[in-house]
$ cat query.cif   # mmCIF, C-alpha atoms (C1' of nucleotides)
data_query
loop_
_atom_site.group_PDB
_atom_site.id
_atom_site.type_symbol
_atom_site.label_atom_id
_atom_site.label_comp_id
_atom_site.auth_asym_id
_atom_site.auth_seq_id
_atom_site.Cartn_x
_atom_site.Cartn_y
_atom_site.Cartn_z
ATOM 1 C CA MET A 183 216.002 112.992 28.544
ATOM 2 C CA SER A 184 219.644 113.890 28.500
ATOM 3 C CA ASN A 185 222.194 111.186 29.068
ATOM 4 C CA GLN A 186 220.365 107.982 29.675
ATOM 5 C CA GLN A 187 222.847 105.671 28.066
ATOM 6 C CA VAL A 188 224.194 104.628 31.386
ATOM 7 C CA GLU A 189 225.714 101.196 31.245
ATOM 8 C CA PRO A 190 223.637 98.372 32.666
ATOM 9 C CA ASP A 191 225.027 98.606 36.137
ATOM 10 C CA ALA A 192 222.364 96.506 37.755
ATOM 11 C CA PRO A 193 220.790 93.545 36.008
ATOM 12 C CA CYS A 194 218.873 92.926 39.197
ATOM 13 C CA CYS A 195 216.661 95.897 38.525
ATOM 14 C CA SER A 196 216.662 96.327 34.816
ATOM 15 C CA PRO A 197 213.846 98.779 34.258
ATOM 16 C CA LEU A 198 210.838 97.673 32.360
ATOM 17 C CA VAL A 199 211.324 100.356 29.772
ATOM 18 C CA ARG A 200 214.627 98.944 28.630
ATOM 19 C CA GLU A 201 213.712 95.370 27.893
ATOM 20 C CA PRO A 202 210.656 93.166 28.238
ATOM 21 C CA LEU A 203 210.130 91.642 31.610
ATOM 22 C CA THR A 204 210.375 87.903 31.897
ATOM 23 C CA GLU A 205 207.239 86.102 32.909
ATOM 24 C CA ASP A 206 208.673 85.072 36.228
ATOM 25 C CA TRP A 207 209.782 88.493 37.155
ATOM 26 C CA ALA A 208 206.564 90.059 36.005
ATOM 27 C CA GLY A 209 204.674 87.718 38.273
ATOM 28 C CA ASP A 210 206.886 88.598 41.168
ATOM 29 C CA LEU A 211 206.582 92.307 40.642
ATOM 30 C CA ALA A 212 202.877 92.119 39.973
ATOM 31 C CA ARG A 213 202.314 90.551 43.361
ATOM 32 C CA MET A 214 203.959 93.534 44.991
ATOM 33 C CA PHE A 215 202.212 96.099 42.843
ATOM 34 C CA LYS A 216 198.911 94.424 43.462
ATOM 35 C CA ALA A 217 199.476 94.818 47.169
ATOM 36 C CA LEU A 218 199.904 98.527 46.557
ATOM 37 C CA GLY A 219 196.820 98.671 44.388
ATOM 38 C CA ASP A 220 194.457 99.519 47.179
ATOM 39 C CA PRO A 221 194.109 102.957 48.740
ATOM 40 C CA VAL A 222 193.774 101.524 52.219
ATOM 41 C CA ARG A 223 196.940 99.494 51.901
ATOM 42 C CA LEU A 224 198.779 102.399 50.372
ATOM 43 C CA ARG A 225 197.857 104.656 53.251
ATOM 44 C CA LEU A 226 198.615 101.877 55.670
ATOM 45 C CA LEU A 227 202.081 101.487 54.241
ATOM 46 C CA SER A 228 202.609 105.203 54.292
ATOM 47 C CA LEU A 229 201.433 105.505 57.872
ATOM 48 C CA VAL A 230 203.759 102.774 58.994
ATOM 49 C CA ALA A 231 206.682 104.124 57.009
ATOM 50 C CA SER A 232 206.230 107.683 58.161
ATOM 51 C CA HIS A 233 205.607 106.807 61.762
ATOM 52 C CA GLU A 234 208.164 107.854 64.278
ATOM 53 C CA GLY A 235 210.924 105.310 64.488
ATOM 54 C CA GLY A 236 209.895 103.751 61.206
ATOM 55 C CA GLU A 237 207.515 101.370 62.892
ATOM 56 C CA ALA A 238 204.021 101.435 64.286
ATOM 57 C CA CYS A 239 201.698 99.163 66.176
ATOM 58 C CA VAL A 240 198.326 98.261 64.766
ATOM 59 C CA CYS A 241 196.359 99.991 67.465
ATOM 60 C CA ASP A 242 197.991 103.248 66.523
ATOM 61 C CA ILE A 243 197.430 103.330 62.812
ATOM 62 C CA SER A 244 194.042 101.657 62.766
ATOM 63 C CA GLU A 245 192.540 104.800 64.246
ATOM 64 C CA SER A 246 193.110 106.555 60.947
ATOM 65 C CA PHE A 247 190.623 104.344 59.165
ATOM 66 C CA ASP A 248 186.918 103.832 59.267
ATOM 67 C CA LEU A 249 187.361 100.118 58.910
ATOM 68 C CA SER A 250 187.018 97.272 61.316
ATOM 69 C CA GLN A 251 190.143 96.088 62.954
ATOM 70 C CA PRO A 252 190.091 92.656 61.289
ATOM 71 C CA THR A 253 190.040 94.409 57.945
ATOM 72 C CA ILE A 254 193.118 96.398 58.857
ATOM 73 C CA SER A 255 194.786 93.224 59.975
ATOM 74 C CA HIS A 256 193.901 91.621 56.681
ATOM 75 C CA HIS A 257 195.436 94.439 54.675
ATOM 76 C CA LEU A 258 198.565 94.331 56.782
ATOM 77 C CA LYS A 259 198.819 90.653 56.091
ATOM 78 C CA VAL A 260 198.569 91.276 52.367
ATOM 79 C CA LEU A 261 201.348 93.826 52.548
ATOM 80 C CA ARG A 262 203.438 91.448 54.584
ATOM 81 C CA SER A 263 202.811 88.549 52.231
ATOM 82 C CA ALA A 264 203.944 90.735 49.379
ATOM 83 C CA GLY A 265 207.227 91.330 51.139
ATOM 84 C CA LEU A 266 206.630 95.026 51.676
ATOM 85 C CA LEU A 267 206.221 94.937 55.436
ATOM 86 C CA ASP A 268 207.500 92.919 58.318
ATOM 87 C CA CYS A 269 206.262 92.745 61.879
ATOM 88 C CA GLN A 270 207.195 91.670 65.362
ATOM 89 C CA ARG A 271 205.224 91.122 68.526
ATOM 90 C CA ARG A 272 206.409 93.057 71.560
ATOM 91 C CA GLY A 273 204.303 92.326 74.577
ATOM 92 C CA THR A 274 200.699 93.024 73.828
ATOM 93 C CA TRP A 275 201.352 94.994 70.688
ATOM 94 C CA VAL A 276 202.491 94.036 67.205
ATOM 95 C CA TYR A 277 204.769 96.473 65.460
ATOM 96 C CA TYR A 278 205.061 96.808 61.706
ATOM 97 C CA TRP A 279 207.751 98.381 59.577
ATOM 98 C CA VAL A 280 208.453 98.653 55.886
ATOM 99 C CA ILE A 281 211.143 96.738 54.075
ATOM 100 C CA PRO A 282 212.975 99.532 52.260
ATOM 101 C CA ALA A 283 214.627 97.225 49.741
ATOM 102 C CA ALA A 284 211.241 96.173 48.435
ATOM 103 C CA LEU A 285 210.059 99.709 47.785
ATOM 104 C CA GLN A 286 213.384 100.529 46.299
ATOM 105 C CA GLN A 287 213.222 97.607 43.939
ATOM 106 C CA LEU A 288 209.812 98.648 42.678
ATOM 107 C CA SER A 289 210.954 102.193 42.315
ATOM 108 C CA ALA A 290 213.984 101.120 40.345
ATOM 109 C CA VAL A 291 211.952 99.002 37.980
ATOM 110 C CA LEU A 292 209.638 101.871 37.191
ATOM 111 C CA GLY A 293 211.892 104.789 37.414
ATOM 112 C CA GLU A 294 215.066 104.414 35.545
ATOM 113 C CA PRO A 295 214.788 107.945 34.198
ATOM 114 C CA ALA A 296 214.300 109.497 37.584
ATOM 115 C CA ALA A 297 216.703 107.200 39.363
ATOM 116 C CA ALA A 298 219.389 107.699 36.764
ATOM 117 C CA LEU A 299 218.854 111.411 36.872
ATOM 118 C CA ALA A 300 219.029 111.624 40.619
ATOM 119 C CA ALA A 301 221.559 108.981 41.481
ATOM 120 C CA PRO A 302 223.504 107.527 38.593
ATOM 121 C CA SER A 303 226.522 106.847 40.721
ATOM 122 C CA GLU A 304 225.367 104.513 43.404
ATOM 123 C CA VAL A 305 222.300 103.043 44.942
ATOM 124 C CA ALA A 306 222.038 102.127 48.549
ATOM 125 C CA THR A 307 222.732 98.450 48.785
ATOM 126 C CA ALA A 308 220.056 96.447 50.522
ATOM 127 C CA MET B 151 211.368 116.616 31.367
ATOM 128 C CA SER B 152 207.968 118.158 31.515
ATOM 129 C CA ASN B 153 206.430 118.881 34.843
ATOM 130 C CA GLN B 154 204.246 116.215 36.308
ATOM 131 C CA GLN B 155 200.604 116.899 36.837
ATOM 132 C CA VAL B 156 200.304 116.317 40.524
ATOM 133 C CA GLU B 157 198.173 118.076 43.039
ATOM 134 C CA PRO B 158 199.066 121.760 43.045
ATOM 135 C CA ASP B 159 199.572 122.014 46.779
ATOM 136 C CA ALA B 160 201.538 118.819 47.108
ATOM 137 C CA PRO B 161 205.279 118.710 47.068
ATOM 138 C CA CYS B 162 206.037 117.203 43.705
ATOM 139 C CA CYS B 163 206.962 113.793 44.987
ATOM 140 C CA SER B 164 206.342 113.623 48.653
ATOM 141 C CA PRO B 165 207.371 110.050 49.321
ATOM 142 C CA LEU B 166 205.077 107.841 51.237
ATOM 143 C CA VAL B 167 207.771 107.135 53.759
ATOM 144 C CA ARG B 168 208.039 110.747 54.807
ATOM 145 C CA GLU B 169 204.457 111.568 55.634
ATOM 146 C CA PRO B 170 201.113 109.794 55.446
ATOM 147 C CA LEU B 171 199.399 109.918 52.098
ATOM 148 C CA THR B 172 196.165 111.808 51.855
ATOM 149 C CA GLU B 173 193.119 109.762 51.024
ATOM 150 C CA ASP B 174 192.731 111.421 47.665
ATOM 151 C CA TRP B 175 196.260 110.893 46.637
ATOM 152 C CA ALA B 176 196.267 107.327 47.877
ATOM 153 C CA GLY B 177 193.230 106.625 45.739
ATOM 154 C CA ASP B 178 194.898 108.133 42.734
ATOM 155 C CA LEU B 179 198.098 106.208 43.193
ATOM 156 C CA ALA B 180 196.278 103.004 44.034
ATOM 157 C CA ARG B 181 194.495 103.105 40.713
ATOM 158 C CA MET B 182 197.830 103.191 38.941
ATOM 159 C CA PHE B 183 199.426 100.541 41.105
ATOM 160 C CA LYS B 184 196.424 98.325 40.668
ATOM 161 C CA ALA B 185 196.873 98.551 36.915
ATOM 162 C CA LEU B 186 200.416 97.297 37.411
ATOM 163 C CA GLY B 187 199.264 94.548 39.715
ATOM 164 C CA ASP B 188 198.831 91.981 37.001
ATOM 165 C CA PRO B 189 201.681 90.093 35.363
ATOM 166 C CA VAL B 190 200.120 90.351 31.935
ATOM 167 C CA ARG B 191 199.727 94.096 32.176
ATOM 168 C CA LEU B 192 203.215 94.477 33.543
ATOM 169 C CA ARG B 193 204.691 92.568 30.630
ATOM 170 C CA LEU B 194 202.440 94.449 28.262
ATOM 171 C CA LEU B 195 203.690 97.749 29.563
ATOM 172 C CA SER B 196 207.252 96.567 29.411
ATOM 173 C CA LEU B 197 206.863 95.306 25.875
ATOM 174 C CA VAL B 198 205.417 98.583 24.722
ATOM 175 C CA ALA B 199 207.985 100.631 26.567
ATOM 176 C CA SER B 200 210.932 98.641 25.365
ATOM 177 C CA HIS B 201 209.744 98.381 21.811
ATOM 178 C CA GLU B 202 211.711 100.154 19.151
ATOM 179 C CA GLY B 203 210.625 103.746 18.884
ATOM 180 C CA GLY B 204 208.893 103.581 22.243
ATOM 181 C CA GLU B 205 205.646 102.471 20.717
ATOM 182 C CA ALA B 206 204.106 99.271 19.467
ATOM 183 C CA CYS B 207 200.974 98.149 17.734
ATOM 184 C CA VAL B 208 198.773 95.536 19.295
ATOM 185 C CA CYS B 209 199.338 92.943 16.619
ATOM 186 C CA ASP B 210 203.014 93.009 17.399
ATOM 187 C CA ILE B 211 202.971 92.541 21.142
ATOM 188 C CA SER B 212 199.960 90.273 21.367
ATOM 189 C CA GLU B 213 202.016 87.459 19.890
ATOM 190 C CA SER B 214 203.972 87.273 23.110
ATOM 191 C CA PHE B 215 200.954 86.087 25.041
ATOM 192 C CA ASP B 216 198.858 83.002 25.141
ATOM 193 C CA LEU B 217 195.729 85.016 25.622
ATOM 194 C CA SER B 218 192.860 85.869 23.377
ATOM 195 C CA GLN B 219 192.955 89.143 21.543
ATOM 196 C CA PRO B 220 190.039 90.682 23.451
ATOM 197 C CA THR B 221 191.867 89.988 26.677
ATOM 198 C CA ILE B 222 194.939 91.834 25.475
ATOM 199 C CA SER B 223 192.742 94.680 24.381
ATOM 200 C CA HIS B 224 191.104 94.752 27.772
ATOM 201 C CA HIS B 225 194.417 94.934 29.592
ATOM 202 C CA LEU B 226 195.617 97.705 27.337
ATOM 203 C CA LYS B 227 192.466 99.610 28.133
ATOM 204 C CA VAL B 228 193.088 99.199 31.846
ATOM 205 C CA LEU B 229 196.589 100.551 31.484
ATOM 206 C CA ARG B 230 195.296 103.417 29.423
ATOM 207 C CA SER B 231 192.529 104.227 31.891
ATOM 208 C CA ALA B 232 195.123 104.328 34.630
ATOM 209 C CA GLY B 233 197.051 106.958 32.734
ATOM 210 C CA LEU B 234 200.051 104.760 32.114
ATOM 211 C CA LEU B 235 199.625 104.336 28.384
ATOM 212 C CA ASP B 236 198.265 106.311 25.505
ATOM 213 C CA CYS B 237 197.410 105.204 22.010
ATOM 214 C CA GLN B 238 196.689 106.437 18.518
ATOM 215 C CA ARG B 239 195.170 104.848 15.491
ATOM 216 C CA ARG B 240 197.278 104.966 12.351
ATOM 217 C CA GLY B 241 195.550 103.347 9.454
ATOM 218 C CA THR B 242 194.555 99.860 10.367
ATOM 219 C CA TRP B 243 196.798 99.616 13.375
ATOM 220 C CA VAL B 244 196.644 101.136 16.825
ATOM 221 C CA TYR B 245 199.903 102.123 18.390
ATOM 222 C CA TYR B 246 200.516 102.321 22.132
ATOM 223 C CA TRP B 247 203.209 104.074 24.086
ATOM 224 C CA VAL B 248 203.929 104.680 27.729
ATOM 225 C CA ILE B 249 203.500 107.983 29.510
ATOM 226 C CA PRO B 250 206.890 108.434 31.170
ATOM 227 C CA ALA B 251 205.687 110.996 33.677
ATOM 228 C CA ALA B 252 203.288 108.469 35.148
ATOM 229 C CA LEU B 253 205.936 105.844 35.744
ATOM 230 C CA GLN B 254 208.239 108.477 37.085
ATOM 231 C CA GLN B 255 205.662 109.706 39.520
ATOM 232 C CA LEU B 256 205.109 106.229 40.888
ATOM 233 C CA SER B 257 208.807 105.650 41.102
ATOM 234 C CA ALA B 258 209.292 108.885 42.970
ATOM 235 C CA VAL B 259 206.606 108.076 45.481
ATOM 236 C CA LEU B 260 208.173 104.753 46.261
ATOM 237 C CA GLY B 261 211.797 105.499 45.857
ATOM 238 C CA GLU B 262 212.632 108.712 47.542
ATOM 239 C CA PRO B 263 214.635 106.970 50.247
ATOM 240 C CA ALA B 264 217.171 105.726 47.739
ATOM 241 C CA ALA B 265 217.224 108.950 45.804
ATOM 242 C CA ALA B 266 217.501 111.044 48.937
ATOM 243 C CA LEU B 267 220.232 108.833 50.232
ATOM 244 C CA ALA B 268 222.251 109.080 47.069
ATOM 245 C CA ALA B 269 221.582 112.664 46.075
ATOM 246 C CA PRO B 270 220.162 114.745 48.910
ATOM 247 C CA SER B 271 221.253 117.988 47.296
ATOM 248 C CA GLU B 272 218.990 117.496 44.330
ATOM 249 C CA VAL B 273 215.885 118.059 46.448
ATOM 250 C CA ALA B 274 216.818 121.658 47.091
ATOM 251 C CA THR B 275 216.416 121.261 50.807
ATOM 252 C CA ALA B 276 220.063 121.972 51.517
ATOM 253 C "C1'" DC C 2 193.122 80.773 87.760
ATOM 254 C "C1'" DC C 3 190.168 84.391 85.458
ATOM 255 C "C1'" DG C 4 189.171 88.457 83.037
ATOM 256 C "C1'" DC C 5 190.864 92.233 79.992
ATOM 257 C "C1'" DT C 6 192.947 94.202 75.850
ATOM 258 C "C1'" DG C 7 195.238 93.883 71.377
ATOM 259 C "C1'" DA C 8 195.551 91.317 67.223
ATOM 260 C "C1'" DT C 9 194.702 87.470 64.044
ATOM 261 C "C1'" DT C 10 191.836 83.951 61.906
ATOM 262 C "C1'" DC C 11 187.404 82.172 60.233
ATOM 263 C "C1'" DG C 12 182.966 82.100 57.627
ATOM 264 C "C1'" DG C 13 180.151 84.328 54.680
ATOM 265 C "C1'" DC C 14 178.532 87.743 51.312
ATOM 266 C "C1'" DA C 15 178.536 91.224 47.685
ATOM 267 C "C1'" DA C 16 181.429 93.276 44.379
ATOM 268 C "C1'" DC C 17 185.073 93.083 41.330
ATOM 269 C "C1'" DC C 18 188.494 90.927 38.016
ATOM 270 C "C1'" DG C 19 190.513 88.017 34.282
ATOM 271 C "C1'" DT C 20 189.210 85.357 30.670
ATOM 272 C "C1'" DC C 21 186.836 83.793 26.615
ATOM 273 C "C1'" DA C 22 183.520 83.458 22.515
ATOM 274 C "C1'" DA C 23 180.658 86.219 19.913
ATOM 275 C "C1'" DT C 24 179.843 90.450 17.976
ATOM 276 C "C1'" DA C 25 180.801 95.143 16.495
ATOM 277 C "C1'" DT C 26 183.622 98.911 14.626
ATOM 278 C "C1'" DA C 27 187.354 101.124 11.811
ATOM 279 C "C1'" DG C 28 190.015 101.427 7.968
ATOM 280 C "C1'" DA C 29 192.184 99.347 3.570
ATOM 281 C "C1'" DC C 30 191.456 97.492 -0.848
ATOM 282 C "C1'" DG C 31 189.169 95.883 -4.628
ATOM 283 C "C1'" DC D 131 179.419 98.384 -2.574
ATOM 284 C "C1'" DG D 132 181.605 93.942 -0.201
ATOM 285 C "C1'" DT D 133 185.236 91.784 2.025
ATOM 286 C "C1'" DC D 134 189.276 91.354 4.578
ATOM 287 C "C1'" DT D 135 192.341 92.536 8.563
ATOM 288 C "C1'" DA D 136 193.078 94.734 12.957
ATOM 289 C "C1'" DT D 137 191.185 96.223 17.144
ATOM 290 C "C1'" DA D 138 187.429 97.183 20.457
ATOM 291 C "C1'" DT D 139 183.134 96.105 22.873
ATOM 292 C "C1'" DT D 140 179.710 93.020 24.913
ATOM 293 C "C1'" DG D 141 178.012 89.317 27.792
ATOM 294 C "C1'" DA D 142 178.794 85.651 30.597
ATOM 295 C "C1'" DC D 143 181.245 82.595 33.828
ATOM 296 C "C1'" DG D 144 184.335 81.207 37.598
ATOM 297 C "C1'" DG D 145 187.812 82.914 40.744
ATOM 298 C "C1'" DT D 146 189.312 86.541 43.706
ATOM 299 C "C1'" DT D 147 188.940 90.510 46.781
ATOM 300 C "C1'" DG D 148 187.256 93.657 50.453
ATOM 301 C "C1'" DC D 149 184.439 93.917 54.091
ATOM 302 C "C1'" DC D 150 182.227 92.608 58.429
ATOM 303 C "C1'" DG D 151 180.855 89.953 62.775
ATOM 304 C "C1'" DA D 152 182.071 86.149 65.501
ATOM 305 C "C1'" DA D 153 185.390 83.326 67.288
ATOM 306 C "C1'" DT D 154 190.167 82.625 68.548
ATOM 307 C "C1'" DC D 155 194.868 83.405 69.990
ATOM 308 C "C1'" DA D 156 198.583 86.006 72.736
ATOM 309 C "C1'" DG D 157 200.104 88.635 76.708
ATOM 310 C "C1'" DC D 158 199.245 91.334 80.845
ATOM 311 C "C1'" DG D 159 197.539 91.975 85.473
ATOM 312 C "C1'" DG D 160 194.426 90.784 89.358
#
$ encode --input "query.cif" --output "structure tokens"
Amino acid sequence: MSNQQVEPDAPCCSPLVREPLTEDWAGDLARMFKALGDPVRLRLLSLVASHEGGEACVCDISESFDLSQPTISHHLKVLRSAGLLDCQRRGTWVYYWVIPAALQQLSAVLGEPAAALAAPSEVATA
Amino acid sequence: MSNQQVEPDAPCCSPLVREPLTEDWAGDLARMFKALGDPVRLRLLSLVASHEGGEACVCDISESFDLSQPTISHHLKVLRSAGLLDCQRRGTWVYYWVIPAALQQLSAVLGEPAAALAAPSEVATA
DNA sequence: CCGCTGATTCGGCAACCGTCAATATAGACG
DNA sequence: CGTCTATATTGACGGTTGCCGAATCAGCGG
């Protein structure tokens, strides 16, 4: 808790600890957080994100779960609808990757203290 | 900043983009994200966090919503059960405040890419 | 063309969630 | 004590979610 009085450099990601969220924005953010509010989806996202090359096909990651393949597909769709993932079909397989800006936005909303502490100067522009 | 109570063997904020989350940790995080996955709770948290003094009593923030008082109370309980809020009774009123370490932990899990990009030296990896 | 494999969509079911009205508890004040 | 205010708990109801099996779609190769 040292020097947090950094000037409001980014209205786009004003952290929720500084001022109340507007209803619209809260709804927007909640949709993303809700997508993360499931252990399967969280692991799914992590598996995709940490996969070599930053992307993974369904057949690869679905082996890590004890769930039916339609269920995995459903969760991927939820993550994609929330704007956290994107995908592309290449031949027989469909590859998924994370959208870094989305995670970063959520992180910024939550983590002004940490973000300001670690990187007060600049944030990677999305 | 006090240390965060994460798993002892885990690197303090191993981001989900670097390696797959363990099932246990994913479940833990998912419970917190799920609590944030509702616009009312998100605004509630933001209102409490941004309130003067970092704490607020229910009667104060409940005016911002068009919901019944039991519903507000329920949402506050969810946030508290998730470890995002804590509360204390003072006389007739109950005051709530956020637990910064919790928000910071979530932020760190999501946002390492940005932090690492901006300040790689801070992670002590050299 | 047909079959094969990978992935999504559909239909249904049990469990969960958000909401409210009613009720209960905790403290303040007479 | 009784009552009043502030907050929490309970019970119920409709909507949503997570899961699966079955059906369907999209490419690949014979």
$ resolve_selection --input "query.cif" --expression "the PyMOL selection byres ((chain D and resi 135) around 12)" --output "list in words"
Cys209, Gly241, Thr242 and Trp243 of chain B; DA27, DG28, DA29 and DC30 of chain C; DT133, DC134, DA136 and DT137 of chain D
$ interface_residues --input "query.cif" --of "chain A" --to "chain D" --cutoff "10 Å" --atoms "all atoms listed in the file" --output "ChimeraX atom specification"
/A:220,249-253,256-257,271-275
$ write_last_selection --input "query.cif" --atoms "C-alpha atoms" --output "JSON list (two decimals), keeping the file's coordinate frame"
[["chain", "number", "residue", "atom", "x", "y", "z"],
["A", 220, "ASP", "CA", 194.46, 99.52, 47.18],
["A", 249, "LEU", "CA", 187.36, 100.12, 58.91],
["A", 250, "SER", "CA", 187.02, 97.27, 61.32],
["A", 251, "GLN", "CA", 190.14, 96.09, 62.95],
["A", 252, "PRO", "CA", 190.09, 92.66, 61.29],
["A", 253, "THR", "CA", 190.04, 94.41, 57.94],
["A", 256, "HIS", "CA", 193.90, 91.62, 56.68],
["A", 257, "HIS", "CA", 195.44, 94.44, 54.68],
["A", 271, "ARG", "CA", 205.22, 91.12, 68.53],
["A", 272, "ARG", "CA", 206.41, 93.06, 71.56],
["A", 273, "GLY", "CA", 204.30, 92.33, 74.58],
["A", 274, "THR", "CA", 200.70, 93.02, 73.83],
["A", 275, "TRP", "CA", 201.35, 94.99, 70.69]]
$ resolve_selection --input "query.cif" --expression "the PyMOL selection byres ((chain A and resi 265-269) around 9)" --output "PyMOL selection string"
chain A and resi 214+217+227+230+237+239+258-264+270-271+276-285
$ closest_atom_pairs --input "query.cif" --of "chain A" --to "chain B" --cutoff "6 Å" --atoms "all atoms listed in the file" --output "Markdown table"
| residue | atom | partner | partner_atom | distance |
| --- | --- | --- | --- | --- |
| A:Leu198 | CA | B:Ser196 | CA | 4.8 |
| A:Val199 | CA | B:Ala199 | CA | 4.6 |
| A:Arg200 | CA | B:Ser200 | CA | 4.9 |
| A:Glu201 | CA | B:Ser200 | CA | 5.0 |
| A:Pro202 | CA | B:Ser196 | CA | 5.0 |
| A:Leu203 | CA | B:Arg193 | CA | 5.6 |
| A:Ala208 | CA | B:Pro189 | CA | 4.9 |
| A:Gly209 | CA | B:Pro189 | CA | 4.8 |
| A:Ala212 | CA | B:Gly187 | CA | 4.4 |
| A:Phe215 | CA | B:Gly187 | CA | 4.6 |
| A:Lys216 | CA | B:Gly187 | CA | 3.8 |
| A:Leu218 | CA | B:Phe183 | CA | 5.8 |
| A:Gly219 | CA | B:Lys184 | CA | 3.8 |
| A:Asp220 | CA | B:Ala180 | CA | 5.0 |
| A:Pro221 | CA | B:Gly177 | CA | 4.8 |
| A:Arg225 | CA | B:Leu171 | CA | 5.6 |
| A:Ser228 | CA | B:Leu166 | CA | 4.7 |
| A:Leu229 | CA | B:Pro170 | CA | 4.9 |
| A:Ala231 | CA | B:Val167 | CA | 4.6 |
| A:Ser232 | CA | B:Val167 | CA | 4.7 |
| A:Leu285 | CA | B:Leu260 | CA | 5.6 |
| A:Gln286 | CA | B:Gly261 | CA | 5.2 |
| A:Ser289 | CA | B:Ser257 | CA | 4.2 |
| A:Leu292 | CA | B:Ser257 | CA | 5.5 |
| A:Gly293 | CA | B:Ser257 | CA | 4.9 |
| A:Ala301 | CA | B:Ala268 | CA | 5.6 |
$ interface_residues --input "query.cif" --of "chain C" --to "chain A" --cutoff "12 Å" --atoms "only C-alpha atoms (C1' of nucleotides)" --output "JSON, numbers by chain"
{"C": [5, 6, 7, 8, 9, 10, 11]}
$ atom_distance --input "query.cif" --atom1 "atom CA of A:Ser246" --atom2 "atom C1' of C:DA16"
24.2 Å
$ atom_distance --input "query.cif" --atom1 "atom CA of B:Ile222" --atom2 "atom CA of B:Ala206"
13.2 Å
$ atom_distance --input "query.cif" --atom1 "atom C1' of C:DC18" --atom2 "atom CA of A:Asp248"
24.9 Å
$ build_atoms --input "query.cif" --residues "stretch 216-232 of chain A" --atoms "N, CA and C atoms" --output "PDB file, keeping the file's coordinate frame"
ATOM      1  N   LYS A 216     200.303  94.685  43.123  1.00  0.00           N
ATOM      2  CA  LYS A 216     198.911  94.424  43.462  1.00  0.00           C
ATOM      3  C   LYS A 216     198.646  94.779  44.933  1.00  0.00           C
ATOM      4  N   ALA A 217     199.632  94.486  45.754  1.00  0.00           N
ATOM      5  CA  ALA A 217     199.476  94.818  47.169  1.00  0.00           C
ATOM      6  C   ALA A 217     199.354  96.330  47.355  1.00  0.00           C
ATOM      7  N   LEU A 218     199.981  97.070  46.467  1.00  0.00           N
ATOM      8  CA  LEU A 218     199.904  98.527  46.557  1.00  0.00           C
ATOM      9  C   LEU A 218     198.659  99.072  45.858  1.00  0.00           C
ATOM     10  N   GLY A 219     197.940  98.216  45.188  1.00  0.00           N
ATOM     11  CA  GLY A 219     196.820  98.671  44.388  1.00  0.00           C
ATOM     12  C   GLY A 219     195.533  98.843  45.150  1.00  0.00           C
ATOM     13  N   ASP A 220     195.645  99.261  46.365  1.00  0.00           N
ATOM     14  CA  ASP A 220     194.457  99.519  47.179  1.00  0.00           C
ATOM     15  C   ASP A 220     194.736 100.737  48.042  1.00  0.00           C
ATOM     16  N   PRO A 221     193.846 101.714  48.011  1.00  0.00           N
ATOM     17  CA  PRO A 221     194.109 102.957  48.740  1.00  0.00           C
ATOM     18  C   PRO A 221     194.327 102.732  50.231  1.00  0.00           C
ATOM     19  N   VAL A 222     193.592 101.793  50.792  1.00  0.00           N
ATOM     20  CA  VAL A 222     193.774 101.524  52.219  1.00  0.00           C
ATOM     21  C   VAL A 222     195.184 101.011  52.480  1.00  0.00           C
ATOM     22  N   ARG A 223     195.609 100.054  51.679  1.00  0.00           N
ATOM     23  CA  ARG A 223     196.940  99.494  51.901  1.00  0.00           C
ATOM     24  C   ARG A 223     198.029 100.523  51.643  1.00  0.00           C
ATOM     25  N   LEU A 224     197.790 101.370  50.665  1.00  0.00           N
ATOM     26  CA  LEU A 224     198.779 102.399  50.372  1.00  0.00           C
ATOM     27  C   LEU A 224     198.921 103.350  51.552  1.00  0.00           C
ATOM     28  N   ARG A 225     197.805 103.764  52.089  1.00  0.00           N
ATOM     29  CA  ARG A 225     197.857 104.656  53.251  1.00  0.00           C
ATOM     30  C   ARG A 225     198.441 103.941  54.452  1.00  0.00           C
ATOM     31  N   LEU A 226     198.092 102.683  54.571  1.00  0.00           N
ATOM     32  CA  LEU A 226     198.615 101.877  55.670  1.00  0.00           C
ATOM     33  C   LEU A 226     200.140 101.845  55.605  1.00  0.00           C
ATOM     34  N   LEU A 227     200.634 101.536  54.433  1.00  0.00           N
ATOM     35  CA  LEU A 227     202.081 101.487  54.241  1.00  0.00           C
ATOM     36  C   LEU A 227     202.706 102.832  54.554  1.00  0.00           C
ATOM     37  N   SER A 228     202.075 103.869  54.075  1.00  0.00           N
ATOM     38  CA  SER A 228     202.609 105.203  54.292  1.00  0.00           C
ATOM     39  C   SER A 228     202.592 105.574  55.766  1.00  0.00           C
ATOM     40  N   LEU A 229     201.524 105.203  56.442  1.00  0.00           N
ATOM     41  CA  LEU A 229     201.433 105.505  57.872  1.00  0.00           C
ATOM     42  C   LEU A 229     202.521 104.786  58.648  1.00  0.00           C
ATOM     43  N   VAL A 230     202.728 103.535  58.306  1.00  0.00           N
ATOM     44  CA  VAL A 230     203.759 102.774  58.994  1.00  0.00           C
ATOM     45  C   VAL A 230     205.133 103.374  58.698  1.00  0.00           C
ATOM     46  N   ALA A 231     205.356 103.643  57.420  1.00  0.00           N
ATOM     47  CA  ALA A 231     206.682 104.124  57.009  1.00  0.00           C
ATOM     48  C   ALA A 231     206.998 105.483  57.611  1.00  0.00           C
ATOM     49  N   SER A 232     205.966 106.323  57.707  1.00  0.00           N
ATOM     50  CA  SER A 232     206.230 107.683  58.161  1.00  0.00           C
ATOM     51  C   SER A 232     206.103 107.826  59.669  1.00  0.00           C
TER      52      SER A 232
END
